[in-house]
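Since the structure comes first, as structure tokens, the remarks are kept for the end.
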Protein chains: 2
Amino acid sequence: MVKYPHRIIRKQTPTVNKEATVNFANRGMSFESAINATNDFYLSRKIAVIHKKPTPVQIVKVDYPKRSRAKIVEAYFRQASTTDYSGVYKGHYIDFEAKETRQKTSMPMKNFHAHQIEHMANVLEQDGICFVLLHFSTLKETYLLPAADLITFYQKDLGSKSMPLDYIKKRGFEIGAGAYPQVPYLDIIEKNLLGGEK
Amino acid sequence: MVKYPHRIIRKQTPTVNKEATVNFANRGMSFESAINATNDFYLSRKIAVIHKKPTPVQIVKVDYPKRSRAKIVEAYFRQASTTDYSGVYKGHYIDFEAKETRQKTSMPMKNFHAHQIEHMANVLEQDGICFVLLHFSTLKETYLLPAADLITFYQKDLGSKSMPLDYIKKRGFEIGAGAYPQVPYLDIIEKNLLGGEK
């Protein structure tokens, strides 16, 4: 007669129960899709307005066929000079980058370019809320690491090829794998980065 | 013996002196370039971090030639679902769209898509600072119109093909043509939209 299995499980284990929750990866969803779905959820519930920026492309040649729309026939990918996601939550500027790795003990630092680190520092200086979402796909664990901690690591350990998971665990926050929304990162922002403001 | 001509002119005419100031158009600069240069100025002086989003492109086919970088060989322009510019100023989320017309008495409303109007309404609901920069190239006049006033006009006059300059002058703020930065829109935000906050 277990009528509300979720409620019972949550009472017994107040921390995240990885076996019981439905992880987005279990449902064949990529980390990027899971973040996009989360942002769609936030938008539809009027919780926040956060979008992924379009992929930066350098357009070289465009054809304008008659009776047909313009066709780009030569273009190249450009390196992003900012982060991938930005938007607004209760008036606050939100800015983040998302990275994924299959490694189990660290996040490769080659994922972060100098331009992006500089952009994050600029955002922090303007009192924006800036962070990275780090997904360890093999472990099925996702963390929110404040940009300040990423920058500290980057500046101190410029030579290191990867950021240890231990450092991320110590400075960051684990994001429970929610069924819906898939990556509820705003819970962390609300509880830990807005200074108790409601 | 006019040693400080700018200071003397400003004393005599506290309002914008269109003849005396160097307009970006006089220097062959497009409105978009002028806004980008303004954002570069704000970034370099650590006043704000505001970027133009990349043009949204739907990528259909990519070639991966050997010993050469990936080449996009078929892609199409997509309609933007948000506005063109966004960023952070003193912690506040800033979001705007820029439009230009050669007309002298009104701004064509076909410049604004339903998706963009909806995005602006969403941003306002999250307490973001949202507006449009409207440039009348023949008149050499530029206005900042708060998004709330654009939305009001859009909803009330859904049938109208254009928004009268009179309406823009009444609800908006003229932006003086500064030599540097070229389109100093944050002055208007600071004075009029931040509620006297410093």
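Letters A, B, ... go to the chains of the structure tokens in the order shown; residues in each chain start at 1; ligands are counted from 1 in the same order.
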Test item: chain A residues at most 6 Å from chain B, counting only C-alpha atoms, as an MDAnalysis selection string: chainID A and resid 54 56 71:76 88:93 126:128
Report the residues of chain B whose backbone DSSP state falls under helix (DSSP H, G or I), written as a PDB file with N, CA and C atoms, in the first residue's frame.
ATOM      1  N   PRO B   5      36.657  75.101 -26.345  1.00  0.00           N
ATOM      2  CA  PRO B   5      35.428  75.345 -27.110  1.00  0.00           C
ATOM      3  C   PRO B   5      34.244  74.501 -26.644  1.00  0.00           C
ATOM      4  N   HIS B   6      34.505  73.229 -26.287  1.00  0.00           N
ATOM      5  CA  HIS B   6      33.399  72.345 -25.893  1.00  0.00           C
ATOM      6  C   HIS B   6      32.727  72.855 -24.634  1.00  0.00           C
ATOM      7  N   ARG B   7      33.548  73.287 -23.688  1.00  0.00           N
ATOM      8  CA  ARG B   7      32.996  73.742 -22.423  1.00  0.00           C
ATOM      9  C   ARG B   7      32.136  74.998 -22.645  1.00  0.00           C
ATOM     10  N   ILE B   8      32.626  75.923 -23.485  1.00  0.00           N
ATOM     11  CA  ILE B   8      31.893  77.167 -23.759  1.00  0.00           C
ATOM     12  C   ILE B   8      30.570  76.856 -24.465  1.00  0.00           C
ATOM     13  N   ILE B   9      30.630  76.020 -25.467  1.00  0.00           N
ATOM     14  CA  ILE B   9      29.403  75.660 -26.191  1.00  0.00           C
ATOM     15  C   ILE B   9      28.394  75.035 -25.229  1.00  0.00           C
ATOM     16  N   ARG B  10      28.866  74.153 -24.342  1.00  0.00           N
ATOM     17  CA  ARG B  10      27.936  73.484 -23.434  1.00  0.00           C
ATOM     18  C   ARG B  10      27.304  74.464 -22.457  1.00  0.00           C
ATOM     19  N   LYS B  11      28.041  75.485 -22.085  1.00  0.00           N
ATOM     20  CA  LYS B  11      27.478  76.491 -21.174  1.00  0.00           C
ATOM     21  C   LYS B  11      26.363  77.271 -21.863  1.00  0.00           C
ATOM     22  N   GLN B  12      26.587  77.604 -23.117  1.00  0.00           N
ATOM     23  CA  GLN B  12      25.589  78.396 -23.836  1.00  0.00           C
ATOM     24  C   GLN B  12      24.349  77.569 -24.171  1.00  0.00           C
ATOM     25  N   ALA B  25      26.889  59.181 -37.614  1.00  0.00           N
ATOM     26  CA  ALA B  25      26.537  59.063 -39.033  1.00  0.00           C
ATOM     27  C   ALA B  25      27.413  59.982 -39.891  1.00  0.00           C
ATOM     28  N   ASN B  26      27.742  61.146 -39.326  1.00  0.00           N
ATOM     29  CA  ASN B  26      28.621  62.069 -40.059  1.00  0.00           C
ATOM     30  C   ASN B  26      29.971  61.429 -40.341  1.00  0.00           C
ATOM     31  N   ARG B  27      30.328  60.475 -39.499  1.00  0.00           N
ATOM     32  CA  ARG B  27      31.621  59.826 -39.703  1.00  0.00           C
ATOM     33  C   ARG B  27      31.467  58.508 -40.455  1.00  0.00           C
ATOM     34  N   PHE B  31      24.400  52.694 -37.521  1.00  0.00           N
ATOM     35  CA  PHE B  31      23.830  52.712 -36.172  1.00  0.00           C
ATOM     36  C   PHE B  31      24.311  51.505 -35.374  1.00  0.00           C
ATOM     37  N   GLU B  32      24.310  50.344 -36.040  1.00  0.00           N
ATOM     38  CA  GLU B  32      24.755  49.125 -35.341  1.00  0.00           C
ATOM     39  C   GLU B  32      26.220  49.232 -34.902  1.00  0.00           C
ATOM     40  N   SER B  33      27.063  49.724 -35.799  1.00  0.00           N
ATOM     41  CA  SER B  33      28.480  49.881 -35.436  1.00  0.00           C
ATOM     42  C   SER B  33      28.629  50.858 -34.280  1.00  0.00           C
ATOM     43  N   ALA B  34      27.808  51.914 -34.294  1.00  0.00           N
ATOM     44  CA  ALA B  34      27.892  52.918 -33.227  1.00  0.00           C
ATOM     45  C   ALA B  34      27.515  52.308 -31.879  1.00  0.00           C
ATOM     46  N   ILE B  35      26.505  51.445 -31.890  1.00  0.00           N
ATOM     47  CA  ILE B  35      26.105  50.781 -30.638  1.00  0.00           C
ATOM     48  C   ILE B  35      27.206  49.810 -30.190  1.00  0.00           C
ATOM     49  N   ASN B  36      27.745  49.066 -31.136  1.00  0.00           N
ATOM     50  CA  ASN B  36      28.822  48.141 -30.776  1.00  0.00           C
ATOM     51  C   ASN B  36      30.031  48.885 -30.209  1.00  0.00           C
ATOM     52  N   ALA B  37      30.355  50.028 -30.815  1.00  0.00           N
ATOM     53  CA  ALA B  37      31.480  50.829 -30.316  1.00  0.00           C
ATOM     54  C   ALA B  37      31.173  51.361 -28.918  1.00  0.00           C
ATOM     55  N   THR B  38      29.921  51.724 -28.699  1.00  0.00           N
ATOM     56  CA  THR B  38      29.500  52.205 -27.366  1.00  0.00           C
ATOM     57  C   THR B  38      29.671  51.088 -26.338  1.00  0.00           C
ATOM     58  N   ASN B  39      29.248  49.867 -26.720  1.00  0.00           N
ATOM     59  CA  ASN B  39      29.385  48.738 -25.792  1.00  0.00           C
ATOM     60  C   ASN B  39      30.856  48.418 -25.521  1.00  0.00           C
ATOM     61  N   ASP B  40      31.690  48.552 -26.548  1.00  0.00           N
ATOM     62  CA  ASP B  40      33.135  48.356 -26.343  1.00  0.00           C
ATOM     63  C   ASP B  40      33.674  49.383 -25.348  1.00  0.00           C
ATOM     64  N   PHE B  41      33.197  50.616 -25.508  1.00  0.00           N
ATOM     65  CA  PHE B  41      33.602  51.696 -24.586  1.00  0.00           C
ATOM     66  C   PHE B  41      33.178  51.357 -23.157  1.00  0.00           C
ATOM     67  N   TYR B  42      31.909  50.962 -22.997  1.00  0.00           N
ATOM     68  CA  TYR B  42      31.406  50.608 -21.655  1.00  0.00           C
ATOM     69  C   TYR B  42      32.205  49.451 -21.049  1.00  0.00           C
ATOM     70  N   LEU B  43      32.555  48.485 -21.890  1.00  0.00           N
ATOM     71  CA  LEU B  43      33.309  47.322 -21.407  1.00  0.00           C
ATOM     72  C   LEU B  43      34.725  47.720 -20.984  1.00  0.00           C
ATOM     73  N   SER B  44      35.382  48.505 -21.830  1.00  0.00           N
ATOM     74  CA  SER B  44      36.784  48.859 -21.552  1.00  0.00           C
ATOM     75  C   SER B  44      36.892  49.764 -20.323  1.00  0.00           C
ATOM     76  N   MET B 109       6.380  49.548 -37.722  1.00  0.00           N
ATOM     77  CA  MET B 109       6.213  48.509 -36.706  1.00  0.00           C
ATOM     78  C   MET B 109       6.589  47.120 -37.215  1.00  0.00           C
ATOM     79  N   LYS B 110       6.737  46.953 -38.506  1.00  0.00           N
ATOM     80  CA  LYS B 110       7.160  45.646 -39.039  1.00  0.00           C
ATOM     81  C   LYS B 110       8.563  45.285 -38.539  1.00  0.00           C
ATOM     82  N   ASN B 111       9.262  46.277 -37.974  1.00  0.00           N
ATOM     83  CA  ASN B 111      10.573  46.016 -37.392  1.00  0.00           C
ATOM     84  C   ASN B 111      10.510  45.139 -36.148  1.00  0.00           C
ATOM     85  N   ALA B 114       6.387  39.536 -33.178  1.00  0.00           N
ATOM     86  CA  ALA B 114       5.590  39.130 -32.014  1.00  0.00           C
ATOM     87  C   ALA B 114       6.453  38.428 -30.962  1.00  0.00           C
ATOM     88  N   HIS B 115       7.396  37.576 -31.412  1.00  0.00           N
ATOM     89  CA  HIS B 115       8.285  36.866 -30.486  1.00  0.00           C
ATOM     90  C   HIS B 115       9.115  37.832 -29.643  1.00  0.00           C
ATOM     91  N   GLN B 116       9.572  38.893 -30.295  1.00  0.00           N
ATOM     92  CA  GLN B 116      10.417  39.856 -29.583  1.00  0.00           C
ATOM     93  C   GLN B 116       9.605  40.648 -28.561  1.00  0.00           C
ATOM     94  N   ILE B 117       8.394  41.010 -28.952  1.00  0.00           N
ATOM     95  CA  ILE B 117       7.517  41.749 -28.032  1.00  0.00           C
ATOM     96  C   ILE B 117       7.229  40.870 -26.803  1.00  0.00           C
ATOM     97  N   GLU B 118       6.986  39.593 -27.059  1.00  0.00           N
ATOM     98  CA  GLU B 118       6.710  38.664 -25.961  1.00  0.00           C
ATOM     99  C   GLU B 118       7.941  38.525 -25.052  1.00  0.00           C
ATOM    100  N   HIS B 119       9.118  38.434 -25.687  1.00  0.00           N
ATOM    101  CA  HIS B 119      10.360  38.351 -24.909  1.00  0.00           C
ATOM    102  C   HIS B 119      10.512  39.577 -24.010  1.00  0.00           C
ATOM    103  N   MET B 120      10.244  40.766 -24.569  1.00  0.00           N
ATOM    104  CA  MET B 120      10.375  41.992 -23.780  1.00  0.00           C
ATOM    105  C   MET B 120       9.420  41.989 -22.587  1.00  0.00           C
ATOM    106  N   ALA B 121       8.194  41.519 -22.811  1.00  0.00           N
ATOM    107  CA  ALA B 121       7.216  41.450 -21.722  1.00  0.00           C
ATOM    108  C   ALA B 121       7.715  40.490 -20.635  1.00  0.00           C
ATOM    109  N   ASN B 122       8.296  39.368 -21.042  1.00  0.00           N
ATOM    110  CA  ASN B 122       8.849  38.404 -20.084  1.00  0.00           C
ATOM    111  C   ASN B 122       9.981  39.017 -19.261  1.00  0.00           C
ATOM    112  N   VAL B 123      10.833  39.772 -19.939  1.00  0.00           N
ATOM    113  CA  VAL B 123      11.971  40.402 -19.256  1.00  0.00           C
ATOM    114  C   VAL B 123      11.463  41.412 -18.224  1.00  0.00           C
ATOM    115  N   LEU B 124      10.474  42.209 -18.606  1.00  0.00           N
ATOM    116  CA  LEU B 124       9.926  43.208 -17.673  1.00  0.00           C
ATOM    117  C   LEU B 124       9.320  42.527 -16.445  1.00  0.00           C
ATOM    118  N   GLU B 125       8.683  41.374 -16.689  1.00  0.00           N
ATOM    119  CA  GLU B 125       8.076  40.645 -15.585  1.00  0.00           C
ATOM    120  C   GLU B 125       9.126  40.152 -14.588  1.00  0.00           C
ATOM    121  N   ALA B 147      10.599  49.545 -23.040  1.00  0.00           N
ATOM    122  CA  ALA B 147       9.850  48.432 -23.654  1.00  0.00           C
ATOM    123  C   ALA B 147       8.376  48.479 -23.266  1.00  0.00           C
ATOM    124  N   ALA B 148       8.073  48.936 -22.050  1.00  0.00           N
ATOM    125  CA  ALA B 148       6.672  48.987 -21.608  1.00  0.00           C
ATOM    126  C   ALA B 148       5.856  49.864 -22.557  1.00  0.00           C
ATOM    127  N   ASP B 149       6.450  50.961 -23.029  1.00  0.00           N
ATOM    128  CA  ASP B 149       5.726  51.870 -23.928  1.00  0.00           C
ATOM    129  C   ASP B 149       5.605  51.285 -25.334  1.00  0.00           C
ATOM    130  N   LEU B 150       6.613  50.540 -25.745  1.00  0.00           N
ATOM    131  CA  LEU B 150       6.510  49.861 -27.041  1.00  0.00           C
ATOM    132  C   LEU B 150       5.407  48.802 -26.986  1.00  0.00           C
ATOM    133  N   ILE B 151       5.383  48.036 -25.909  1.00  0.00           N
ATOM    134  CA  ILE B 151       4.387  46.966 -25.761  1.00  0.00           C
ATOM    135  C   ILE B 151       2.978  47.562 -25.713  1.00  0.00           C
ATOM    136  N   THR B 152       2.819  48.649 -24.964  1.00  0.00           N
ATOM    137  CA  THR B 152       1.517  49.332 -24.888  1.00  0.00           C
ATOM    138  C   THR B 152       1.047  49.719 -26.283  1.00  0.00           C
ATOM    139  N   PHE B 153       1.942  50.320 -27.056  1.00  0.00           N
ATOM    140  CA  PHE B 153       1.575  50.739 -28.408  1.00  0.00           C
ATOM    141  C   PHE B 153       1.224  49.521 -29.268  1.00  0.00           C
ATOM    142  N   TYR B 154       2.040  48.489 -29.162  1.00  0.00           N
ATOM    143  CA  TYR B 154       1.854  47.271 -29.955  1.00  0.00           C
ATOM    144  C   TYR B 154       0.510  46.612 -29.669  1.00  0.00           C
ATOM    145  N   GLN B 155       0.153  46.557 -28.392  1.00  0.00           N
ATOM    146  CA  GLN B 155      -1.098  45.898 -28.009  1.00  0.00           C
ATOM    147  C   GLN B 155      -2.321  46.722 -28.364  1.00  0.00           C
ATOM    148  N   LYS B 156      -2.192  48.042 -28.217  1.00  0.00           N
ATOM    149  CA  LYS B 156      -3.322  48.936 -28.447  1.00  0.00           C
ATOM    150  C   LYS B 156      -3.531  49.156 -29.946  1.00  0.00           C
ATOM    151  N   LEU B 165       6.508  59.398 -34.414  1.00  0.00           N
ATOM    152  CA  LEU B 165       7.640  60.004 -33.702  1.00  0.00           C
ATOM    153  C   LEU B 165       7.144  60.792 -32.495  1.00  0.00           C
ATOM    154  N   ASP B 166       5.963  61.390 -32.631  1.00  0.00           N
ATOM    155  CA  ASP B 166       5.375  62.149 -31.517  1.00  0.00           C
ATOM    156  C   ASP B 166       5.195  61.270 -30.281  1.00  0.00           C
ATOM    157  N   TYR B 167       4.703  60.048 -30.507  1.00  0.00           N
ATOM    158  CA  TYR B 167       4.526  59.098 -29.394  1.00  0.00           C
ATOM    159  C   TYR B 167       5.878  58.772 -28.760  1.00  0.00           C
ATOM    160  N   ILE B 168       6.877  58.564 -29.627  1.00  0.00           N
ATOM    161  CA  ILE B 168       8.224  58.217 -29.145  1.00  0.00           C
ATOM    162  C   ILE B 168       8.815  59.375 -28.333  1.00  0.00           C
ATOM    163  N   LYS B 169       8.588  60.607 -28.825  1.00  0.00           N
ATOM    164  CA  LYS B 169       9.120  61.780 -28.118  1.00  0.00           C
ATOM    165  C   LYS B 169       8.443  61.951 -26.756  1.00  0.00           C
ATOM    166  N   LYS B 170       7.143  61.627 -26.717  1.00  0.00           N
ATOM    167  CA  LYS B 170       6.366  61.817 -25.491  1.00  0.00           C
ATOM    168  C   LYS B 170       6.740  60.774 -24.426  1.00  0.00           C
ATOM    169  N   ARG B 171       6.914  59.511 -24.865  1.00  0.00           N
ATOM    170  CA  ARG B 171       7.180  58.432 -23.907  1.00  0.00           C
ATOM    171  C   ARG B 171       8.660  58.124 -23.746  1.00  0.00           C
ATOM    172  N   TYR B 185      23.496  55.460 -24.172  1.00  0.00           N
ATOM    173  CA  TYR B 185      22.166  55.120 -23.665  1.00  0.00           C
ATOM    174  C   TYR B 185      22.132  54.848 -22.153  1.00  0.00           C
ATOM    175  N   LEU B 186      23.269  54.464 -21.587  1.00  0.00           N
ATOM    176  CA  LEU B 186      23.251  54.179 -20.140  1.00  0.00           C
ATOM    177  C   LEU B 186      23.025  55.438 -19.305  1.00  0.00           C
ATOM    178  N   ASP B 187      23.345  56.612 -19.868  1.00  0.00           N
ATOM    179  CA  ASP B 187      23.049  57.865 -19.158  1.00  0.00           C
ATOM    180  C   ASP B 187      21.552  57.971 -18.881  1.00  0.00           C
ATOM    181  N   ILE B 188      20.767  57.585 -19.896  1.00  0.00           N
ATOM    182  CA  ILE B 188      19.308  57.656 -19.762  1.00  0.00           C
ATOM    183  C   ILE B 188      18.830  56.655 -18.705  1.00  0.00           C
ATOM    184  N   ILE B 189      19.405  55.455 -18.761  1.00  0.00           N
ATOM    185  CA  ILE B 189      19.029  54.409 -17.799  1.00  0.00           C
ATOM    186  C   ILE B 189      19.344  54.879 -16.387  1.00  0.00           C
ATOM    187  N   GLU B 190      20.531  55.389 -16.216  1.00  0.00           N
ATOM    188  CA  GLU B 190      20.974  55.847 -14.895  1.00  0.00           C
ATOM    189  C   GLU B 190      20.040  56.921 -14.344  1.00  0.00           C
ATOM    190  N   LYS B 191      19.702  57.905 -15.195  1.00  0.00           N
ATOM    191  CA  LYS B 191      18.927  59.056 -14.731  1.00  0.00           C
ATOM    192  C   LYS B 191      17.436  58.760 -14.607  1.00  0.00           C
ATOM    193  N   ASN B 192      16.914  57.914 -15.500  1.00  0.00           N
ATOM    194  CA  ASN B 192      15.457  57.791 -15.578  1.00  0.00           C
ATOM    195  C   ASN B 192      14.874  56.435 -15.212  1.00  0.00           C
ATOM    196  N   LEU B 193      15.641  55.375 -15.375  1.00  0.00           N
ATOM    197  CA  LEU B 193      15.036  54.062 -15.186  1.00  0.00           C
ATOM    198  C   LEU B 193      15.530  53.307 -13.964  1.00  0.00           C
TER     199      LEU B 193
END
Glu100 in chain A environment, 7 Å, only C-alpha atoms, sequence neighbours closer than 3 positions dropped, as an MDAnalysis selection string: chainID A and resid 134:137
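The interatomic distance for the pair CA of Leu144 in chain B and CA of Phe131 in chain B works out to 6.7 Å.
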